[in-house]
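Okay, final28.txt is below, compact mmCIF, C-alpha atoms:
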# COMPACT_ATOMS: atom_id res chain seq x y z
CA MET Q 1 10.94 29.41 92.35
CA SER Q 2 8.63 28.34 95.17
CA PRO Q 3 8.52 24.67 96.29
CA GLU Q 4 4.83 24.44 95.21
CA TYR Q 5 5.74 25.78 91.78
CA ALA Q 6 8.63 23.31 91.40
CA GLN Q 7 6.41 20.45 92.58
CA LYS Q 8 3.84 21.30 89.90
CA LEU Q 9 6.53 21.31 87.21
CA ASP Q 10 7.93 18.00 88.49
CA LYS Q 11 4.48 16.44 88.04
CA ILE Q 12 4.20 17.84 84.53
CA GLU Q 13 7.63 16.46 83.63
CA LYS Q 14 6.70 13.04 85.05
CA HIS Q 15 3.46 12.99 83.04
CA PHE Q 16 5.37 14.04 79.94
CA GLN Q 17 7.71 11.06 80.36
CA GLU Q 18 4.70 8.74 80.77
CA LEU Q 19 3.26 10.09 77.50
CA THR Q 20 6.62 9.59 75.81
CA ASP Q 21 6.63 5.95 76.91
CA GLN Q 22 3.03 5.50 75.69
CA MET Q 23 3.96 6.81 72.23
CA ALA Q 24 6.43 3.93 71.97
CA ASP Q 25 3.89 1.36 73.16
CA PRO Q 26 2.79 -0.91 70.25
CA ALA Q 27 -0.77 -1.08 71.67
CA VAL Q 28 -1.06 2.73 71.52
CA ILE Q 29 0.60 2.95 68.11
CA SER Q 30 -1.88 0.46 66.65
CA ASP Q 31 -4.86 2.49 67.92
CA GLY Q 32 -5.01 5.58 65.69
CA ASP Q 33 -7.40 7.60 67.90
CA GLN Q 34 -5.50 6.81 71.08
CA TYR Q 35 -2.15 7.61 69.48
CA ARG Q 36 -3.42 10.99 68.23
CA LYS Q 37 -4.75 11.80 71.71
CA VAL Q 38 -1.46 10.89 73.40
CA SER Q 39 0.57 12.67 70.75
CA LYS Q 40 -1.50 15.85 71.18
CA ALA Q 41 -1.06 15.79 74.97
CA HIS Q 42 2.67 15.16 74.53
CA SER Q 43 2.99 18.08 72.11
CA ASP Q 44 1.05 20.41 74.44
CA LEU Q 45 3.54 19.77 77.27
CA SER Q 46 6.76 19.68 75.25
CA ASP Q 47 7.53 23.43 75.45
CA ILE Q 48 6.95 23.57 79.21
CA VAL Q 49 9.10 20.50 79.88
CA ALA Q 50 11.93 21.71 77.64
CA LYS Q 51 11.92 25.07 79.44
CA TYR Q 52 11.81 23.42 82.87
CA ARG Q 53 14.79 21.22 81.99
CA GLU Q 54 16.64 24.33 80.83
CA TYR Q 55 15.78 25.93 84.17
CA LYS Q 56 17.12 22.95 86.17
CA GLN Q 57 20.34 22.97 84.18
CA SER Q 58 20.88 26.68 84.88
CA LEU Q 59 19.98 26.15 88.54
CA SER Q 60 22.63 23.43 88.77
CA GLN Q 61 25.22 25.81 87.29
CA LEU Q 62 24.20 28.45 89.85
CA GLU Q 63 24.57 26.05 92.78
CA GLN Q 64 27.99 24.93 91.55
CA ALA Q 65 29.11 28.55 91.27
CA LYS Q 66 27.88 29.29 94.81
CA ALA Q 67 29.82 26.31 96.14
CA MET Q 68 32.99 27.66 94.53
CA LEU Q 69 32.62 31.02 96.29
CA VAL Q 70 34.11 29.51 99.47
CA ASP Q 71 37.07 27.92 97.68
CA PRO Q 72 40.44 28.99 99.13
CA ASP Q 73 41.76 29.72 95.61
CA PRO Q 74 41.03 33.43 94.83
CA ASP Q 75 41.06 32.78 91.07
CA LEU Q 76 38.33 30.14 91.43
CA ARG Q 77 36.28 32.50 93.63
CA GLU Q 78 36.56 35.21 90.98
CA MET Q 79 35.46 32.76 88.28
CA ALA Q 80 32.55 31.68 90.48
CA GLN Q 81 31.44 35.29 90.95
CA MET Q 82 31.54 35.89 87.19
CA GLU Q 83 29.53 32.69 86.67
CA LEU Q 84 26.93 33.85 89.19
CA GLU Q 85 26.54 37.20 87.46
CA MET Q 86 25.95 35.42 84.16
CA VAL Q 87 23.65 32.62 85.33
CA GLN Q 88 21.32 34.52 87.69
CA PRO Q 89 19.76 36.78 85.00
CA GLU Q 90 19.41 33.74 82.73
CA LEU Q 91 17.63 31.86 85.51
CA ASP Q 92 15.26 34.80 86.10
CA ARG Q 93 14.47 34.95 82.36
CA ILE Q 94 13.67 31.23 82.17
CA ASP Q 95 11.55 31.47 85.32
CA ALA Q 96 9.47 34.28 83.76
CA GLU Q 97 9.05 32.29 80.53
CA LEU Q 98 7.91 29.24 82.51
CA LYS Q 99 5.23 31.28 84.25
CA VAL Q 100 3.88 32.39 80.87
CA LEU Q 101 3.90 28.81 79.56
CA LEU Q 102 1.94 27.68 82.63
CA LEU Q 103 -0.83 30.23 82.09
CA PRO Q 104 -4.19 28.56 81.31
CA LYS Q 105 -4.51 28.24 77.55
CA ASP Q 106 -7.28 30.14 75.79
CA PRO Q 107 -9.44 27.27 74.47
CA LEU Q 108 -10.20 29.35 71.38
CA ASP Q 109 -6.55 29.79 70.34
CA GLU Q 110 -6.58 26.75 68.06
CA LYS Q 111 -9.68 27.95 66.20
CA ASP Q 112 -9.94 29.13 62.62
CA VAL Q 113 -11.57 32.54 62.27
CA VAL Q 114 -14.13 34.59 60.42
CA LEU Q 115 -12.57 37.94 59.51
CA GLU Q 116 -14.98 40.83 58.92
CA ILE Q 117 -13.80 44.25 57.69
CA ARG Q 118 -16.22 47.12 57.13
CA ALA Q 119 -15.61 50.70 55.97
CA GLY Q 120 -16.72 53.26 58.53
CA THR Q 121 -16.48 57.05 58.56
CA GLY Q 122 -14.61 58.59 55.66
CA GLY Q 123 -16.55 57.63 52.55
CA ASP Q 124 -14.49 56.41 49.59
CA GLU Q 125 -11.24 56.83 51.50
CA ALA Q 126 -12.48 54.42 54.18
CA THR Q 127 -13.32 51.80 51.55
CA LEU Q 128 -9.83 52.11 50.03
CA PHE Q 129 -8.27 51.67 53.45
CA ALA Q 130 -10.51 48.64 54.14
CA ALA Q 131 -9.16 47.04 50.97
CA GLU Q 132 -5.57 47.75 52.03
CA VAL Q 133 -6.07 46.31 55.52
CA PHE Q 134 -7.68 43.19 54.05
CA ARG Q 135 -4.65 42.85 51.75
CA MET Q 136 -2.39 43.26 54.82
CA TYR Q 137 -4.08 40.32 56.53
CA THR Q 138 -4.04 38.16 53.41
CA ARG Q 139 -0.31 38.80 52.98
CA TYR Q 140 0.24 37.87 56.62
CA ALA Q 141 -1.85 34.72 56.08
CA GLU Q 142 0.37 33.76 53.12
CA VAL Q 143 3.48 33.95 55.30
CA GLN Q 144 1.75 31.86 58.00
CA ARG Q 145 0.60 29.37 55.33
CA TRP Q 146 -3.03 29.90 56.24
CA LYS Q 147 -5.91 29.46 53.80
CA VAL Q 148 -8.14 32.49 53.06
CA GLU Q 149 -11.62 31.98 51.60
CA VAL Q 150 -13.66 35.09 50.79
CA THR Q 151 -17.36 34.51 51.54
CA HIS Q 152 -18.77 37.97 50.85
CA VAL Q 153 -17.44 41.17 49.33
CA SER Q 154 -19.06 44.52 48.54
CA GLU Q 155 -16.93 46.86 46.44
CA SER Q 156 -17.09 50.65 46.25
CA SER Q 157 -17.14 52.72 43.08
CA VAL Q 158 -13.47 53.68 43.55
CA GLY Q 159 -12.21 50.10 43.84
CA GLY Q 160 -12.26 49.89 47.62
CA LEU Q 161 -14.24 47.56 49.86
CA LYS Q 162 -17.40 48.57 51.68
CA GLU Q 163 -17.40 45.19 53.36
CA VAL Q 164 -15.51 41.92 53.14
CA LEU Q 165 -15.93 38.63 55.02
CA ALA Q 166 -13.40 35.81 54.84
CA LEU Q 167 -12.77 32.46 56.49
CA ILE Q 168 -9.13 32.01 57.53
CA SER Q 169 -8.00 28.51 58.45
CA GLY Q 170 -4.65 27.12 59.53
CA ASN Q 171 -2.43 26.66 62.55
CA ARG Q 172 -3.53 28.70 65.62
CA VAL Q 173 -5.14 31.46 63.57
CA TYR Q 174 -7.25 32.90 66.40
CA SER Q 175 -4.26 33.01 68.76
CA ARG Q 176 -2.46 35.36 66.33
CA LEU Q 177 -5.39 37.53 65.22
CA LYS Q 178 -7.63 37.75 68.29
CA TYR Q 179 -6.36 41.19 69.31
CA GLU Q 180 -7.09 42.75 65.89
CA SER Q 181 -10.79 43.39 66.57
CA GLY Q 182 -11.69 47.06 66.89
CA VAL Q 183 -11.68 50.36 65.04
CA HIS Q 184 -8.63 50.97 62.85
CA ARG Q 185 -8.10 54.66 62.01
CA VAL Q 186 -6.15 56.00 59.03
CA GLN Q 187 -4.65 59.47 58.63
CA ARG Q 188 -3.41 60.47 55.18
CA VAL Q 189 -3.96 62.73 52.17
CA PRO Q 190 -6.59 61.12 49.91
CA ALA Q 191 -5.85 60.91 46.18
CA THR Q 192 -8.88 63.16 45.56
CA GLU Q 193 -7.63 65.88 47.96
CA THR Q 194 -6.37 68.86 45.91
CA GLN Q 195 -5.10 71.00 48.81
CA GLY Q 196 -2.93 68.36 50.43
CA ARG Q 197 -4.93 68.17 53.66
CA VAL Q 198 -4.68 65.08 55.86
CA HIS Q 199 -8.04 63.33 56.32
CA THR Q 200 -9.01 60.84 59.03
CA SER Q 201 -11.09 57.78 58.16
CA ALA Q 202 -11.94 54.60 60.01
CA ILE Q 203 -12.83 50.97 59.44
CA THR Q 204 -13.94 48.22 61.79
CA VAL Q 205 -12.26 44.82 62.02
CA ALA Q 206 -13.84 41.83 63.74
CA VAL Q 207 -12.11 38.49 64.31
CA LEU Q 208 -14.57 35.76 65.30
CA PRO Q 209 -13.47 32.26 66.34
CA GLU Q 210 -15.10 29.76 64.02
CA ALA Q 211 -17.55 27.57 65.91
CA ASP Q 212 -17.83 23.83 65.48
CA GLU Q 213 -21.20 22.30 64.77
CA VAL Q 214 -21.27 20.69 68.20
CA GLU Q 215 -20.78 24.09 69.86
CA VAL Q 216 -23.64 25.86 68.10
CA ARG Q 217 -26.76 23.93 67.19
CA ILE Q 218 -28.85 25.68 64.56
CA GLU Q 219 -32.34 24.32 63.99
CA GLU Q 220 -33.54 24.27 60.39
CA LYS Q 221 -36.85 25.85 61.46
CA ASP Q 222 -34.93 28.86 62.79
CA LEU Q 223 -33.41 29.66 59.39
CA ARG Q 224 -34.84 31.52 56.42
CA ILE Q 225 -32.76 31.02 53.29
CA ASP Q 226 -33.25 33.24 50.25
CA THR Q 227 -31.44 32.76 46.95
CA PHE Q 228 -30.68 35.45 44.42
CA CYS Q 229 -28.51 36.14 41.39
CA SER Q 230 -24.91 36.96 42.26
CA SER Q 231 -23.38 40.26 41.20
CA GLY Q 232 -19.86 41.38 40.41
CA PRO Q 233 -17.08 39.43 38.69
CA GLY Q 234 -17.79 35.79 37.96
CA GLY Q 235 -18.23 35.19 34.26
CA GLN Q 236 -21.28 34.03 32.34
CA SER Q 237 -23.14 32.66 35.36
CA VAL Q 238 -23.40 36.08 37.03
CA ASN Q 239 -26.98 37.38 37.15
CA THR Q 240 -28.23 34.23 35.39
CA THR Q 241 -28.34 31.60 38.16
CA TYR Q 242 -29.68 31.86 41.68
CA SER Q 243 -26.39 30.80 43.29
CA ALA Q 244 -26.06 33.55 45.92
CA VAL Q 245 -27.48 32.83 49.37
CA ARG Q 246 -28.88 35.10 52.08
CA MET Q 247 -29.36 33.29 55.38
CA THR Q 248 -31.39 34.77 58.24
CA HIS Q 249 -31.42 33.35 61.78
CA LEU Q 250 -34.96 34.21 62.85
CA PRO Q 251 -34.54 34.11 66.68
CA THR Q 252 -31.62 36.59 66.65
CA GLY Q 253 -32.09 38.44 63.37
CA VAL Q 254 -28.51 37.70 62.30
CA ILE Q 255 -28.17 37.84 58.49
CA VAL Q 256 -25.35 36.33 56.43
CA SER Q 257 -24.90 36.62 52.66
CA CYS Q 258 -22.53 34.59 50.51
CA GLN Q 259 -22.09 34.85 46.74
CA ASP Q 260 -18.42 34.00 46.30
CA GLU Q 261 -19.00 30.58 44.75
CA LYS Q 262 -20.89 29.74 41.54
CA SER Q 263 -22.51 26.82 43.35
CA GLN Q 264 -25.49 27.53 45.60
CA ILE Q 265 -24.57 24.50 47.71
CA LYS Q 266 -21.05 25.84 48.36
CA ASN Q 267 -22.36 29.33 49.13
CA ARG Q 268 -24.86 27.84 51.56
CA ALA Q 269 -22.12 25.84 53.32
CA LYS Q 270 -19.90 28.91 53.66
CA ALA Q 271 -22.82 31.04 54.88
CA MET Q 272 -23.57 28.41 57.53
CA ARG Q 273 -19.94 28.54 58.76
CA VAL Q 274 -20.16 32.32 59.14
CA MET Q 275 -23.62 32.13 60.75
CA ARG Q 276 -22.41 29.56 63.27
CA SER Q 277 -19.44 31.76 64.19
CA ARG Q 278 -21.61 34.87 64.61
CA LEU Q 279 -24.04 33.05 66.89
CA TYR Q 280 -21.09 31.60 68.80
CA GLU Q 281 -19.72 35.12 69.29
CA LEU Q 282 -23.11 36.31 70.59
CA GLU Q 283 -23.06 33.49 73.13
CA LEU Q 284 -19.48 34.34 74.16
CA GLU Q 285 -20.46 37.99 74.63
CA LYS Q 286 -23.32 36.92 76.91
CA GLN Q 287 -20.95 34.79 78.96
CA GLN Q 288 -18.38 37.58 79.21
CA ALA Q 289 -21.05 40.07 80.28
CA ALA Q 290 -22.18 37.64 82.97
CA ILE Q 291 -18.67 37.03 84.25
CA GLY Q 292 -17.85 40.74 84.24
CA ALA Q 293 -15.37 43.27 82.94
CA GLU Q 294 -12.37 41.65 84.63
CA ARG Q 295 -12.74 38.42 82.69
CA LYS Q 296 -13.47 40.34 79.50
CA SER Q 297 -10.16 42.20 79.75
CA MET Q 298 -8.45 38.93 80.63
CA VAL Q 299 -9.44 37.23 77.40
CA GLY Q 300 -8.68 40.42 75.48
CA SER Q 301 -11.88 40.55 73.47
CA GLY Q 302 -11.99 44.33 73.41
CA ASP Q 303 -14.83 46.67 72.56
CA ARG Q 304 -15.15 47.18 68.83
CA SER Q 305 -16.13 50.83 69.31
CA GLU Q 306 -12.67 51.48 70.76
CA LYS Q 307 -10.08 53.00 68.42
CA ILE Q 308 -7.37 50.45 68.88
CA ARG Q 309 -4.88 51.58 66.24
CA THR Q 310 -3.92 54.56 64.06
CA TYR Q 311 -2.14 54.29 60.71
CA ASN Q 312 -0.46 57.63 59.91
CA PHE Q 313 0.79 57.47 56.32
CA PRO Q 314 2.50 60.91 56.05
CA GLN Q 315 4.75 59.98 58.99
CA ASN Q 316 5.01 56.25 58.11
CA ARG Q 317 3.84 55.63 61.67
CA LEU Q 318 1.60 53.02 63.30
CA THR Q 319 0.38 53.42 66.88
CA ASP Q 320 -1.48 50.79 68.87
CA HIS Q 321 -3.25 52.79 71.57
CA ARG Q 322 -3.93 49.86 73.90
CA ILE Q 323 -0.27 49.23 74.68
CA GLY Q 324 1.35 52.51 73.57
CA LEU Q 325 3.30 50.79 70.80
CA THR Q 326 4.60 53.07 68.01
CA LEU Q 327 6.39 51.79 64.91
CA HIS Q 328 7.85 53.97 62.17
CA GLN Q 329 7.59 51.27 59.51
CA LEU Q 330 4.00 51.48 58.34
CA ASP Q 331 5.06 50.60 54.80
CA LEU Q 332 6.28 47.19 55.99
CA VAL Q 333 3.18 46.64 58.16
CA MET Q 334 0.88 47.20 55.18
CA GLU Q 335 2.80 44.42 53.37
CA GLY Q 336 1.66 42.00 56.07
CA ARG Q 337 4.66 42.17 58.38
CA ILE Q 338 2.64 42.46 61.60
CA ASP Q 339 4.42 39.87 63.77
CA GLN Q 340 6.02 42.60 65.90
CA ILE Q 341 2.58 44.04 66.71
CA VAL Q 342 1.01 40.62 67.34
CA ASP Q 343 3.88 39.57 69.63
CA ALA Q 344 3.78 42.84 71.59
CA LEU Q 345 0.03 42.53 72.16
CA THR Q 346 0.34 38.88 73.19
CA SER Q 347 3.12 39.73 75.68
CA HIS Q 348 1.10 42.64 77.10
CA TYR Q 349 -2.00 40.55 77.78
CA GLN Q 350 0.08 37.68 79.14
CA ALA Q 351 1.72 40.11 81.59
CA GLU Q 352 -1.73 41.37 82.62
CA LYS Q 353 -2.87 37.81 83.22
CA LEU Q 354 0.23 37.04 85.31
CA GLU Q 355 -0.41 40.16 87.38
CA GLN Q 356 -4.05 39.17 87.92
CA ASP Q 357 -3.03 35.62 88.87
CA GLY Q 358 -0.50 37.04 91.32
CA ALA Q 359 -3.09 39.31 92.89
CA GLU Q 360 -5.57 36.44 93.19
CA GLY Q 361 -2.85 34.27 94.74
CA ASN Q 362 -2.07 36.96 97.31
CA LYS Q 363 -5.78 37.26 98.21
CA ALA Q 364 -6.01 33.49 98.65
CA ALA Q 365 -2.95 33.53 100.88

In structure tokens, what does this structure look like?
Amino acid sequence: MSPEYAQKLDKIEKHFQELTDQMADPAVISDGDQYRKVSKAHSDLSDIVAKYREYKQSLSQLEQAKAMLVDPDPDLREMAQMELEMVQPELDRIDAELKVLLLPKDPLDEKDVVLEIRAGTGGDEATLFAAEVFRMYTRYAEVQRWKVEVTHVSESSVGGLKEVLALISGNRVYSRLKYESGVHRVQRVPATETQGRVHTSAITVAVLPEADEVEVRIEEKDLRIDTFCSSGPGGQSVNTTYSAVRMTHLPTGVIVSCQDEKSQIKNRAKAMRVMRSRLYELELEKQQAAIGAERKSMVGSGDRSEKIRTYNFPQNRLTDHRIGLTLHQLDLVMEGRIDQIVDALTSHYQAEKLEQDGAEGNKAA
């Protein structure tokens, strides 16, 4: 670890201790807003400080072992050598983890998301797969204790989904789902296939960070709101009340429909959340285009036209083409057990960011 690196961590640890002291200060405790602010800052640094303290403890063990290497007792020297061989790899591991923890945080990671899934090429088979992938994400959300609210759904004649939009809220939703955007391809024998041939179909998945009202200002004059009778399941009110909402943002042409709720007011509120997120995404895309391809790859937004993943049912195989990950447990993945994929993607993009930071540091030097 370089002296500059250690100095930075020392400052972080000192600030962490100051925050700890503030959390015990009666004046801070009595001020709810101030206490929440201090508590949030304290929580944000806790992982880094805990890892740095672990690093210093291992470093101390290493220095003690090195000191014992010159001891006249051969048994002690042998023990010291064994200690060195154990501690050095541990120190290297902690050092690597610290570098990841010190990476600039994606400001969007804490956001809730709008999940959009649409059937692509493949007809009925694509709609069936869209429904299965949506179920995969809802099962994953259950495990994460996230809340899923469907805002719009369009079913196919075979029970699949032509399109589904949902709001997913909870702890760090975007940080876990942000690499899911793209084209998901399925290879399997459709139920309607009589000759047992494997067909290839595709769906598109988009994960949009939900925008706050302060981030996207939408003028009332820029909106056209149409109401219509909802369709599909919903009881006696279906096709009898104008509860469904179609919202059009006139400057951009973005259209959002919501008919999930029986109340027009609730549908309008949900549609506005989706509209705000779509406009926010358009603004982010403009910023990324301006900054360039390097930044775009850094934040891992990905091009939706890219086939990011293939689900091969006959071989029970999933392949993520971006990182060359192959798992032969597709049955478990479709039940929502996608942590292994999410973690692998996160590690890959973190490693890319570390490499880019290192290259930039070398240029600066």

- Message: From the options Q:Lys56, Q:Lys37, Q:Arg276, Q:Lys8, which residue's atoms come nearest to Gln22 (chain Q), counting all atoms listed in the file?
- Response: Q:Lys37

At most 12 Å is the cut-off: for each residue in region 2-106 of chain Q with any atom that close to an atom of region 329-348 of chain Q, write down the nearest atom pair and the distance in Å rounded to one decimal, counting all atoms listed in the file, chain first then increasing number, as JSON lines.
{"residue": "Q:Ala96", "atom": "CA", "partner": "Q:Ser347", "partner_atom": "CA", "distance": 11.6}
{"residue": "Q:Glu97", "atom": "CA", "partner": "Q:Ser347", "partner_atom": "CA", "distance": 10.7}
{"residue": "Q:Val100", "atom": "CA", "partner": "Q:Ser347", "partner_atom": "CA", "distance": 9.0}
{"residue": "Q:Leu101", "atom": "CA", "partner": "Q:Ser347", "partner_atom": "CA", "distance": 11.6}
{"residue": "Q:Asp106", "atom": "CA", "partner": "Q:Thr346", "partner_atom": "CA", "distance": 11.9}

Keeping only C-alpha atoms, take the residues you just selected and write them out as a short mmCIF file (atom, residue, chain, number, x, y, z; two decimals), keeping the file's coordinate frame.
data_model
loop_
_atom_site.label_atom_id
_atom_site.label_comp_id
_atom_site.auth_asym_id
_atom_site.auth_seq_id
_atom_site.Cartn_x
_atom_site.Cartn_y
_atom_site.Cartn_z
CA ALA Q 96 9.47 34.28 83.76
CA GLU Q 97 9.05 32.29 80.53
CA VAL Q 100 3.88 32.39 80.87
CA LEU Q 101 3.90 28.81 79.56
CA ASP Q 106 -7.28 30.14 75.79
#

May I have the residues within 8 Å of Asn267 (chain Q) as a PDB file with C-alpha atoms, in the frame of the given file, using all atoms listed in the file and disregarding those fewer than 2 positions away in the same chain?
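Final output, saved to around.pdb:
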ATOM      1  CA  THR Q 151     -17.360  34.510  51.540  1.00  0.00           C
ATOM      2  CA  SER Q 243     -26.390  30.800  43.290  1.00  0.00           C
ATOM      3  CA  ALA Q 244     -26.060  33.550  45.920  1.00  0.00           C
ATOM      4  CA  VAL Q 245     -27.480  32.830  49.370  1.00  0.00           C
ATOM      5  CA  CYS Q 258     -22.530  34.590  50.510  1.00  0.00           C
ATOM      6  CA  GLN Q 259     -22.090  34.850  46.740  1.00  0.00           C
ATOM      7  CA  ASP Q 260     -18.420  34.000  46.300  1.00  0.00           C
ATOM      8  CA  GLU Q 261     -19.000  30.580  44.750  1.00  0.00           C
ATOM      9  CA  LYS Q 262     -20.890  29.740  41.540  1.00  0.00           C
ATOM     10  CA  SER Q 263     -22.510  26.820  43.350  1.00  0.00           C
ATOM     11  CA  GLN Q 264     -25.490  27.530  45.600  1.00  0.00           C
ATOM     12  CA  ILE Q 265     -24.570  24.500  47.710  1.00  0.00           C
ATOM     13  CA  ALA Q 269     -22.120  25.840  53.320  1.00  0.00           C
ATOM     14  CA  LYS Q 270     -19.900  28.910  53.660  1.00  0.00           C
ATOM     15  CA  ALA Q 271     -22.820  31.040  54.880  1.00  0.00           C
TER      16      ALA Q 271
END

- Query: Quick one: residues within 9 Å of Ser201 (chain Q), only C-alpha atoms counted, chain neighbours fewer than 5 positions away excluded, as a ChimeraX atom specification?
  - Reply: /Q:119-123,125-126,129,184-188

- Message: Would you compute the distance between CA of Asp21 (chain Q) and CA of Ser39 (chain Q)? Give it in Å to one decimal.
- Response: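 Result for CA of Asp21 (chain Q) versus CA of Ser39 (chain Q): 10.9 Å, one decimal.
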
- re CA of Tyr140 (chain Q) and CA of Arg268 (chain Q): distance 27.5 Å

- Item | Near-Phe16 (chain Q) list (9 Å; all atoms listed in the file; drop same-chain fewer than 6 positions) as a list in words |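 Counting all atoms listed in the file, the residues come to Ala41, His42, Leu45, Ser46 and Val49 of chain Q.
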
- Message: Using all atoms listed in the file, can you tell me which of Q:Ala206, Q:Leu165, Q:Leu325, Q:Met23 comes closest to Ser257 (chain Q)?
- Response: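 Using all atoms listed in the file, Ser257 (chain Q) sits closest to Q:Leu165.
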
I'd like the contact shell of Ser175 (chain Q) - 12 Å cut-off, all atoms listed in the file, skipping same-chain residues fewer than 5 positions apart - returned as a CSV table (one decimal) with C-alpha atoms, in the frame of the given file.
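Heads up, here's the output in part32.csv:
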chain,number,residue,atom,x,y,z
Q,105,LYS,CA,-4.5,28.2,77.6
Q,106,ASP,CA,-7.3,30.1,75.8
Q,107,PRO,CA,-9.4,27.3,74.5
Q,108,LEU,CA,-10.2,29.4,71.4
Q,109,ASP,CA,-6.6,29.8,70.3
Q,110,GLU,CA,-6.6,26.8,68.1
Q,111,LYS,CA,-9.7,28.0,66.2
Q,112,ASP,CA,-9.9,29.1,62.6
Q,113,VAL,CA,-11.6,32.5,62.3
Q,169,SER,CA,-8.0,28.5,58.4
Q,170,GLY,CA,-4.6,27.1,59.5
Q,180,GLU,CA,-7.1,42.8,65.9
Q,207,VAL,CA,-12.1,38.5,64.3
Q,208,LEU,CA,-14.6,35.8,65.3
Q,209,PRO,CA,-13.5,32.3,66.3
Q,299,VAL,CA,-9.4,37.2,77.4
Q,300,GLY,CA,-8.7,40.4,75.5
Q,301,SER,CA,-11.9,40.6,73.5
Q,342,VAL,CA,1.0,40.6,67.3
Q,343,ASP,CA,3.9,39.6,69.6
Q,345,LEU,CA,0.0,42.5,72.2
Q,346,THR,CA,0.3,38.9,73.2
Q,349,TYR,CA,-2.0,40.6,77.8

- Query: Can you tell me, as a ChimeraX atom specification, what residues are no more than 12 Å from region 3-5 of chain Q when counting all atoms listed in the file, ignoring any on the same chain fewer than 6 positions away?
  - Reply: /Q:11-12,52,95,98-99,102

Quick one: write out the picked residues with C-alpha atoms as a PDB file, in the coordinates of the input?
ATOM      1  CA  LYS Q  11       4.480  16.440  88.040  1.00  0.00           C
ATOM      2  CA  ILE Q  12       4.200  17.840  84.530  1.00  0.00           C
ATOM      3  CA  TYR Q  52      11.810  23.420  82.870  1.00  0.00           C
ATOM      4  CA  ASP Q  95      11.550  31.470  85.320  1.00  0.00           C
ATOM      5  CA  LEU Q  98       7.910  29.240  82.510  1.00  0.00           C
ATOM      6  CA  LYS Q  99       5.230  31.280  84.250  1.00  0.00           C
ATOM      7  CA  LEU Q 102       1.940  27.680  82.630  1.00  0.00           C
TER       8      LEU Q 102
END

- Give me, please, the distance in Å between CA of Leu91 (chain Q) and CA of Pro74 (chain Q), quoted to one decimal.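 CA of Pro74 (chain Q) lies at a distance of 25.2 Å from CA of Leu91 (chain Q).
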
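Among the candidates Q:Ala166, Q:Arg118, Q:Val133, Q:Ile48, the one nearest to Lys147 (chain Q) when counting all atoms listed in the file is Q:Ala166.
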